[in-house]
Amino acid sequence: MIAEDSKGISIEIMGKQHQFNCSAEQAEDLNQAANNLAVMCEDIKKKHGMANNERALLVASINLSYSLLIANDKLERYQHGQDALISTLKSALYQSDQLSINDQ
């Protein structure tokens, strides 16, 4: 649930209201993130038989942090691969230009 006001938004997470400052453009994304977190916490509580909301939030935060770590690692490896490909292409173009100059 989301309620907008001049100071930000109010979001309900696990039965409690929380205030967040954000721009109007960020409000919908923040609401979606809160909904995802609520679903994740409920799934954790059901799967592990947890009654404690704070424990479920802690487990969810660790899971999200781990997922972010893995995603950032994949992104970094992808970027290194792209950098290597660009370097290879630049080298090939340079060699091709050198061959063209020598042929003239």
# chains A, B, ... in the order shown; residues from 1 in each chain; ligands from 1
$ select_by_dssp --residues "chain A" --states "alpha helix (DSSP H)" --output "VMD selection string"
chain A and resid 24 to 48 53 to 103
$ residues_around --residues "range 25-27 of chain A" --least-positions-apart "2" --cutoff "10 Å" --atoms "only C-alpha atoms" --output "PyMOL selection string"
chain A and resi 2-4+8-11+20-23+29-33
$ write_last_selection --atoms "C-alpha atoms" --output "JSON list (two decimals), in the first residue's frame"
[["chain", "number", "residue", "atom", "x", "y", "z"],
["A", 2, "ILE", "CA", 1.34, 3.45, -0.93],
["A", 3, "ALA", "CA", 0.28, 6.91, 0.16],
["A", 4, "GLU", "CA", 1.98, 9.97, -1.30],
["A", 8, "GLY", "CA", 7.52, 11.26, 0.50],
["A", 9, "ILE", "CA", 5.53, 8.08, 0.75],
["A", 10, "SER", "CA", 4.21, 5.75, 3.38],
["A", 11, "ILE", "CA", 4.57, 2.04, 2.71],
["A", 20, "PHE", "CA", 10.34, 7.17, 3.00],
["A", 21, "ASN", "CA", 11.46, 10.35, 1.31],
["A", 22, "CYS", "CA", 11.68, 10.04, -2.43],
["A", 23, "SER", "CA", 10.82, 11.85, -5.63],
["A", 29, "ASP", "CA", 9.52, 1.73, -7.95],
["A", 30, "LEU", "CA", 9.84, 2.01, -4.17],
["A", 31, "ASN", "CA", 6.33, 0.65, -3.78],
["A", 32, "GLN", "CA", 7.18, -2.29, -6.04],
["A", 33, "ALA", "CA", 10.37, -2.94, -4.05]]
$ residues_around --residues "range 43-58 of chain A" --least-positions-apart "6" --cutoff "12 Å" --atoms "only C-alpha atoms" --output "PyMOL selection string"
chain A and resi 13-16+34+36-37+64-65
$ write_last_selection --atoms "N, CA and C atoms" --output "compact mmCIF listing (two decimals), in the first residue's frame"
# COMPACT_ATOMS: atom_id res chain seq x y z
N ILE A 13 4.94 -2.46 5.35
CA ILE A 13 5.77 -3.64 5.22
C ILE A 13 5.52 -4.51 6.43
N MET A 14 5.02 -5.70 6.19
CA MET A 14 4.74 -6.68 7.23
C MET A 14 3.87 -6.11 8.34
N GLY A 15 2.84 -5.39 7.92
CA GLY A 15 1.86 -4.87 8.87
C GLY A 15 2.23 -3.57 9.55
N LYS A 16 3.37 -2.99 9.24
CA LYS A 16 3.79 -1.73 9.85
C LYS A 16 3.99 -0.67 8.77
N ALA A 34 8.97 -2.56 -2.10
CA ALA A 34 8.36 -2.92 -0.81
C ALA A 34 7.45 -4.13 -0.96
N ASN A 36 7.75 -6.49 -3.23
CA ASN A 36 8.63 -7.64 -3.43
C ASN A 36 9.21 -8.12 -2.10
N LEU A 37 9.62 -7.17 -1.26
CA LEU A 37 10.17 -7.51 0.05
C LEU A 37 9.12 -8.20 0.92
N LEU A 64 18.89 -10.62 -0.36
CA LEU A 64 18.95 -9.54 -1.35
C LEU A 64 20.37 -9.03 -1.52
N SER A 65 21.09 -8.89 -0.43
CA SER A 65 22.47 -8.43 -0.49
C SER A 65 23.33 -9.43 -1.26
